[in-house]
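The file input.txt contains compact mmCIF, N, CA and C atoms and all ligand atoms:
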# COMPACT_ATOMS: atom_id res chain seq x y z
N MET A 1 27.00 -11.91 39.35
CA MET A 1 25.91 -12.78 38.87
C MET A 1 26.43 -13.69 37.78
N GLU A 2 26.21 -14.95 37.95
CA GLU A 2 26.65 -15.90 36.93
C GLU A 2 25.70 -15.85 35.74
N GLN A 3 26.27 -15.75 34.56
CA GLN A 3 25.44 -15.64 33.37
C GLN A 3 25.23 -17.01 32.74
N GLN A 4 23.97 -17.35 32.55
CA GLN A 4 23.62 -18.60 31.87
C GLN A 4 23.23 -18.27 30.44
N PRO A 5 23.36 -19.25 29.56
CA PRO A 5 22.92 -19.01 28.17
C PRO A 5 21.43 -18.70 28.14
N ILE A 6 21.07 -17.72 27.34
CA ILE A 6 19.66 -17.38 27.18
C ILE A 6 19.01 -18.37 26.20
N LEU A 7 17.82 -18.82 26.57
CA LEU A 7 17.08 -19.76 25.74
C LEU A 7 15.79 -19.13 25.25
N CYS A 8 15.31 -19.61 24.12
CA CYS A 8 14.00 -19.19 23.65
C CYS A 8 12.96 -19.66 24.67
N PRO A 9 12.10 -18.76 25.16
CA PRO A 9 11.10 -19.16 26.16
C PRO A 9 10.05 -20.12 25.60
N ILE A 10 9.97 -20.24 24.29
CA ILE A 10 8.98 -21.12 23.67
C ILE A 10 9.54 -22.51 23.44
N CYS A 11 10.67 -22.57 22.71
CA CYS A 11 11.15 -23.88 22.27
C CYS A 11 12.50 -24.24 22.89
N LYS A 12 13.01 -23.40 23.79
CA LYS A 12 14.24 -23.69 24.52
C LYS A 12 15.47 -23.68 23.63
N SER A 13 15.33 -23.16 22.42
CA SER A 13 16.47 -23.13 21.50
C SER A 13 17.45 -22.04 21.91
N GLN A 14 18.72 -22.28 21.63
CA GLN A 14 19.72 -21.25 21.87
C GLN A 14 20.06 -20.51 20.58
N SER A 15 19.41 -20.88 19.49
CA SER A 15 19.66 -20.22 18.20
C SER A 15 18.85 -18.93 18.15
N LEU A 16 19.44 -17.88 18.72
CA LEU A 16 18.73 -16.61 18.81
C LEU A 16 19.48 -15.55 18.02
N SER A 17 18.74 -14.59 17.51
CA SER A 17 19.33 -13.47 16.80
C SER A 17 18.86 -12.19 17.44
N ALA A 18 19.79 -11.36 17.86
CA ALA A 18 19.43 -10.09 18.48
C ALA A 18 19.55 -8.97 17.47
N ASN A 19 18.48 -8.21 17.32
CA ASN A 19 18.48 -7.13 16.34
C ASN A 19 17.86 -5.87 16.93
N ARG A 20 18.26 -4.75 16.39
CA ARG A 20 17.58 -3.51 16.72
C ARG A 20 16.16 -3.60 16.20
N GLU A 21 15.24 -2.97 16.92
CA GLU A 21 13.84 -3.05 16.55
C GLU A 21 13.62 -2.53 15.13
N THR A 22 14.38 -1.52 14.74
CA THR A 22 14.20 -0.91 13.43
C THR A 22 14.92 -1.69 12.35
N PHE A 23 15.74 -2.62 12.77
CA PHE A 23 16.54 -3.38 11.83
C PHE A 23 15.64 -4.29 10.98
N ASN A 24 15.92 -4.34 9.70
CA ASN A 24 15.14 -5.21 8.81
C ASN A 24 15.41 -6.66 9.17
N GLN A 25 14.35 -7.33 9.67
CA GLN A 25 14.52 -8.69 10.14
C GLN A 25 15.00 -9.63 9.05
N LYS A 26 14.59 -9.36 7.82
CA LYS A 26 14.96 -10.25 6.73
C LYS A 26 16.46 -10.21 6.47
N ARG A 27 17.08 -9.13 6.85
CA ARG A 27 18.52 -8.99 6.61
C ARG A 27 19.34 -9.45 7.81
N ALA A 28 18.63 -9.97 8.81
CA ALA A 28 19.34 -10.45 10.00
C ALA A 28 20.31 -11.56 9.62
N VAL A 29 21.48 -11.46 10.15
CA VAL A 29 22.48 -12.47 9.84
C VAL A 29 22.21 -13.72 10.66
N ILE A 30 21.91 -14.82 9.96
CA ILE A 30 21.66 -16.09 10.65
C ILE A 30 22.96 -16.53 11.31
N GLY A 31 22.84 -16.96 12.54
CA GLY A 31 24.02 -17.37 13.27
C GLY A 31 24.68 -16.23 14.01
N ASN A 32 23.90 -15.18 14.20
CA ASN A 32 24.37 -14.00 14.94
C ASN A 32 24.41 -14.27 16.43
N LEU A 33 24.10 -15.50 16.79
CA LEU A 33 24.01 -15.91 18.19
C LEU A 33 25.28 -15.63 18.99
N ALA A 34 25.99 -16.66 19.28
CA ALA A 34 27.25 -16.62 20.01
C ALA A 34 27.25 -15.59 21.13
N PHE A 35 28.34 -14.93 21.29
CA PHE A 35 28.48 -14.05 22.45
C PHE A 35 27.98 -12.65 22.17
N GLY A 36 27.90 -12.30 20.91
CA GLY A 36 27.35 -11.00 20.57
C GLY A 36 25.92 -10.91 21.04
N THR A 37 25.16 -11.97 20.78
CA THR A 37 23.76 -12.00 21.20
C THR A 37 23.67 -11.97 22.72
N GLN A 38 24.48 -12.80 23.36
CA GLN A 38 24.44 -12.85 24.82
C GLN A 38 24.76 -11.48 25.40
N GLY A 39 25.71 -10.78 24.77
CA GLY A 39 26.06 -9.44 25.23
C GLY A 39 24.87 -8.51 25.15
N LEU A 40 24.14 -8.58 24.01
CA LEU A 40 22.97 -7.73 23.83
C LEU A 40 21.88 -8.10 24.83
N LEU A 41 21.76 -9.42 25.09
CA LEU A 41 20.71 -9.88 26.01
C LEU A 41 20.92 -9.31 27.40
N TYR A 42 22.18 -9.19 27.76
CA TYR A 42 22.46 -8.72 29.11
C TYR A 42 22.78 -7.23 29.14
N GLY A 43 22.98 -6.68 27.95
CA GLY A 43 23.38 -5.27 27.90
C GLY A 43 22.29 -4.35 28.40
N HIS A 44 22.69 -3.26 28.99
CA HIS A 44 21.72 -2.31 29.52
C HIS A 44 21.54 -1.14 28.55
N THR A 45 22.61 -0.72 27.90
CA THR A 45 22.55 0.45 27.03
C THR A 45 21.72 0.15 25.80
N GLY A 46 20.60 0.82 25.71
CA GLY A 46 19.75 0.70 24.53
C GLY A 46 19.12 -0.66 24.37
N SER A 47 19.14 -1.46 25.42
CA SER A 47 18.63 -2.82 25.29
C SER A 47 17.13 -2.84 25.01
N LYS A 48 16.43 -1.75 25.39
CA LYS A 48 14.98 -1.75 25.18
C LYS A 48 14.63 -1.67 23.70
N ASN A 49 15.60 -1.29 22.87
CA ASN A 49 15.34 -1.21 21.44
C ASN A 49 15.68 -2.50 20.72
N VAL A 50 16.14 -3.48 21.48
CA VAL A 50 16.59 -4.72 20.87
C VAL A 50 15.50 -5.78 20.92
N ILE A 51 15.32 -6.44 19.80
CA ILE A 51 14.36 -7.54 19.73
C ILE A 51 15.14 -8.83 19.49
N ILE A 52 14.87 -9.83 20.30
CA ILE A 52 15.51 -11.13 20.12
C ILE A 52 14.58 -12.00 19.28
N THR A 53 15.11 -12.56 18.22
CA THR A 53 14.32 -13.44 17.38
C THR A 53 14.86 -14.86 17.48
N CYS A 54 13.97 -15.81 17.78
CA CYS A 54 14.37 -17.21 17.82
C CYS A 54 14.46 -17.73 16.40
N LEU A 55 15.60 -18.29 16.04
CA LEU A 55 15.79 -18.78 14.68
C LEU A 55 15.13 -20.14 14.49
N SER A 56 14.72 -20.78 15.58
CA SER A 56 14.10 -22.10 15.48
C SER A 56 12.60 -22.00 15.28
N CYS A 57 11.93 -21.15 16.07
CA CYS A 57 10.47 -21.09 15.99
C CYS A 57 9.96 -19.72 15.58
N GLY A 58 10.85 -18.72 15.48
CA GLY A 58 10.44 -17.41 15.02
C GLY A 58 9.85 -16.51 16.08
N TYR A 59 9.82 -16.99 17.33
CA TYR A 59 9.26 -16.19 18.42
C TYR A 59 10.14 -14.98 18.68
N GLU A 60 9.52 -13.82 18.84
CA GLU A 60 10.26 -12.59 19.11
C GLU A 60 10.00 -12.13 20.53
N PHE A 61 11.04 -11.76 21.22
CA PHE A 61 10.88 -11.28 22.58
C PHE A 61 11.95 -10.25 22.88
N LYS A 62 11.73 -9.53 23.96
CA LYS A 62 12.64 -8.46 24.34
C LYS A 62 13.69 -8.99 25.30
N PRO A 63 14.83 -8.32 25.36
CA PRO A 63 15.85 -8.74 26.32
C PRO A 63 15.25 -8.75 27.72
N GLY A 64 15.55 -9.77 28.47
CA GLY A 64 14.98 -9.90 29.82
C GLY A 64 13.80 -10.86 29.84
N GLU A 65 13.21 -11.11 28.64
CA GLU A 65 12.10 -12.05 28.57
C GLU A 65 12.59 -13.44 28.18
N GLY A 66 13.85 -13.54 27.87
CA GLY A 66 14.42 -14.83 27.52
C GLY A 66 14.50 -15.72 28.73
N ALA A 67 14.51 -17.01 28.50
CA ALA A 67 14.56 -17.96 29.60
C ALA A 67 15.97 -18.49 29.78
N THR A 68 16.26 -18.98 30.97
CA THR A 68 17.48 -19.72 31.22
C THR A 68 17.08 -21.12 31.65
N GLU A 69 18.07 -21.99 31.75
CA GLU A 69 17.78 -23.36 32.16
C GLU A 69 17.01 -23.37 33.48
N ASP A 70 17.43 -22.49 34.40
CA ASP A 70 16.85 -22.48 35.75
C ASP A 70 15.36 -22.16 35.75
N ASP A 71 15.00 -21.13 35.00
CA ASP A 71 13.59 -20.69 35.09
C ASP A 71 12.79 -21.12 33.88
N PHE A 72 13.36 -22.03 33.07
CA PHE A 72 12.65 -22.39 31.84
C PHE A 72 11.31 -23.03 32.14
N GLU A 73 11.27 -23.90 33.12
CA GLU A 73 10.01 -24.60 33.42
C GLU A 73 8.90 -23.60 33.68
N GLU A 74 9.19 -22.62 34.53
CA GLU A 74 8.18 -21.62 34.89
C GLU A 74 7.81 -20.79 33.67
N LYS A 75 8.84 -20.29 32.96
CA LYS A 75 8.60 -19.46 31.77
C LYS A 75 7.83 -20.24 30.72
N ASN A 76 8.17 -21.53 30.62
CA ASN A 76 7.52 -22.35 29.59
C ASN A 76 6.03 -22.46 29.84
N SER A 77 5.65 -22.58 31.11
CA SER A 77 4.22 -22.67 31.41
C SER A 77 3.53 -21.36 31.05
N VAL A 78 4.23 -20.24 31.27
CA VAL A 78 3.67 -18.94 30.88
C VAL A 78 3.52 -18.88 29.36
N ALA A 79 4.57 -19.34 28.66
CA ALA A 79 4.53 -19.33 27.20
C ALA A 79 3.42 -20.22 26.68
N ASN A 80 3.27 -21.39 27.29
CA ASN A 80 2.20 -22.30 26.88
C ASN A 80 0.84 -21.66 27.10
N GLN A 81 0.72 -20.89 28.18
CA GLN A 81 -0.54 -20.20 28.46
C GLN A 81 -0.82 -19.18 27.37
N LYS A 82 0.24 -18.47 26.93
CA LYS A 82 0.09 -17.48 25.86
C LYS A 82 -0.39 -18.17 24.59
N ILE A 83 0.23 -19.30 24.25
CA ILE A 83 -0.16 -20.05 23.05
C ILE A 83 -1.61 -20.50 23.18
N ALA A 84 -1.98 -20.96 24.38
CA ALA A 84 -3.35 -21.40 24.61
C ALA A 84 -4.32 -20.24 24.43
N ASP A 85 -3.92 -19.05 24.91
CA ASP A 85 -4.77 -17.87 24.77
C ASP A 85 -4.96 -17.54 23.30
N ILE A 86 -3.87 -17.61 22.51
CA ILE A 86 -3.95 -17.32 21.08
C ILE A 86 -4.90 -18.31 20.41
N GLU A 87 -4.77 -19.59 20.78
CA GLU A 87 -5.65 -20.62 20.21
C GLU A 87 -7.11 -20.33 20.55
N THR A 88 -7.35 -19.92 21.80
CA THR A 88 -8.71 -19.62 22.23
C THR A 88 -9.29 -18.47 21.43
N SER A 89 -8.46 -17.42 21.22
CA SER A 89 -8.96 -16.26 20.48
C SER A 89 -9.23 -16.64 19.03
N LYS A 90 -8.42 -17.54 18.47
CA LYS A 90 -8.66 -18.03 17.11
C LYS A 90 -9.99 -18.75 17.04
N GLN A 91 -10.24 -19.60 18.05
CA GLN A 91 -11.50 -20.35 18.10
C GLN A 91 -12.68 -19.41 18.25
N ASN A 92 -12.50 -18.36 19.06
CA ASN A 92 -13.57 -17.38 19.25
C ASN A 92 -13.89 -16.68 17.93
N LYS A 93 -12.83 -16.34 17.16
CA LYS A 93 -13.05 -15.68 15.88
C LYS A 93 -13.81 -16.60 14.93
N ARG A 94 -13.46 -17.89 14.94
CA ARG A 94 -14.16 -18.85 14.09
C ARG A 94 -15.62 -18.94 14.50
N LEU A 95 -15.87 -18.94 15.81
CA LEU A 95 -17.24 -19.02 16.33
C LEU A 95 -18.05 -17.80 15.89
N VAL A 96 -17.44 -16.61 16.01
CA VAL A 96 -18.11 -15.37 15.60
C VAL A 96 -18.42 -15.42 14.11
N ALA A 97 -17.46 -15.85 13.31
CA ALA A 97 -17.66 -15.95 11.85
C ALA A 97 -18.81 -16.90 11.55
N PHE A 98 -18.87 -18.00 12.28
CA PHE A 98 -19.93 -19.00 12.10
C PHE A 98 -21.29 -18.41 12.44
N LEU A 99 -21.36 -17.67 13.57
CA LEU A 99 -22.62 -17.07 14.01
C LEU A 99 -23.08 -16.02 13.01
N VAL A 100 -22.12 -15.23 12.47
CA VAL A 100 -22.46 -14.21 11.46
C VAL A 100 -23.03 -14.90 10.23
N LEU A 101 -22.43 -16.02 9.84
CA LEU A 101 -22.92 -16.77 8.68
C LEU A 101 -24.35 -17.24 8.90
N ILE A 102 -24.60 -17.81 10.08
CA ILE A 102 -25.96 -18.28 10.43
C ILE A 102 -26.94 -17.11 10.38
N ALA A 103 -26.53 -15.96 10.97
CA ALA A 103 -27.40 -14.78 10.99
C ALA A 103 -27.73 -14.33 9.58
N MET A 104 -26.72 -14.36 8.68
CA MET A 104 -26.93 -13.96 7.29
C MET A 104 -27.92 -14.90 6.60
N ILE A 105 -27.79 -16.19 6.89
CA ILE A 105 -28.71 -17.17 6.29
C ILE A 105 -30.14 -16.89 6.74
N PHE A 106 -30.32 -16.57 8.03
CA PHE A 106 -31.65 -16.26 8.54
C PHE A 106 -32.21 -15.00 7.90
N VAL A 107 -31.33 -14.00 7.71
CA VAL A 107 -31.76 -12.74 7.08
C VAL A 107 -32.21 -13.01 5.65
N ILE A 108 -31.45 -13.84 4.93
CA ILE A 108 -31.80 -14.17 3.54
C ILE A 108 -33.14 -14.90 3.50
N ILE A 109 -33.31 -15.88 4.43
CA ILE A 109 -34.59 -16.62 4.49
C ILE A 109 -35.73 -15.64 4.79
N TRP A 110 -35.48 -14.70 5.70
CA TRP A 110 -36.50 -13.72 6.09
C TRP A 110 -36.87 -12.84 4.89
N LEU A 111 -35.83 -12.40 4.11
CA LEU A 111 -36.08 -11.57 2.94
C LEU A 111 -36.92 -12.32 1.92
N PHE A 112 -36.61 -13.61 1.70
CA PHE A 112 -37.35 -14.41 0.74
C PHE A 112 -38.80 -14.56 1.19
N SER A 113 -39.00 -14.72 2.51
CA SER A 113 -40.35 -14.86 3.03
C SER A 113 -41.13 -13.57 2.82
N LEU A 114 -40.47 -12.42 2.84
CA LEU A 114 -41.13 -11.13 2.59
C LEU A 114 -41.56 -11.03 1.14
N ILE A 115 -40.68 -11.52 0.23
CA ILE A 115 -40.98 -11.46 -1.20
C ILE A 115 -42.19 -12.32 -1.51
N ASN A 116 -42.22 -13.51 -0.91
CA ASN A 116 -43.34 -14.41 -1.16
C ASN A 116 -44.57 -13.93 -0.38
ZN ZN A 201 12.02 -20.68 19.73

For the file at hand, write its structure as structure tokens.
Amino acid sequence: MEQQPILCPICKSQSLSANRETFNQKRAVIGNLAFGTQGLLYGHTGSKNVIITCLSCGYEFKPGEGATEDDFEEKNSVANQKIADIETSKQNKRLVAFLVLIAMIFVIIWLFSLIN
């Protein structure tokens, strides 16, 4: 199998850092990319404990979830869908907060009407 460079599925960057899941991300060595990362990306031994961090956008993914040039288009649409889902859930939270605020205002008005 011909190995292609792994790309960030979000921003297509090749600036990736592979770390053990338990590894302190803040201590990750910037520029850990190169072939060490590629080895981890393709490695089978203990690869499930490895988290790949994109140094460009900060997206974290597991080995095997990275994109290559060939499948980037498809993966990118999936990634865009994920981002869209996150945006939707954010909007839903804002809507819920707004509705709770309205409900509280009505309760306060109702309480005042009871006092009067
Ligand atoms: Zn990225």

Within 8 Å of ligand ZN 201 (chain A) (counting all atoms listed in the file), which residues show up? I'd like them as number ranges by chain.
A: 7-16, 53-60

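The spacing separating atom C of Gly66 in chain A from atom N of Val78 in chain A amounts to 11.5 Å.
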
Tell me, in Å to one decimal, how far atom C of Met104 in chain A is from atom C of Lys90 in chain A.
21.1 Å

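The spacing separating CA of Ile6 in chain A from CA of Ile51 in chain A amounts to 13.4 Å.
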
Option closest in space to Ile52 in chain A, from A:Leu95, A:Ser17, A:Ile83, A:Trp110 [counting all atoms listed in the file]
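Closest residue, counting all atoms listed in the file: A:Ser17.
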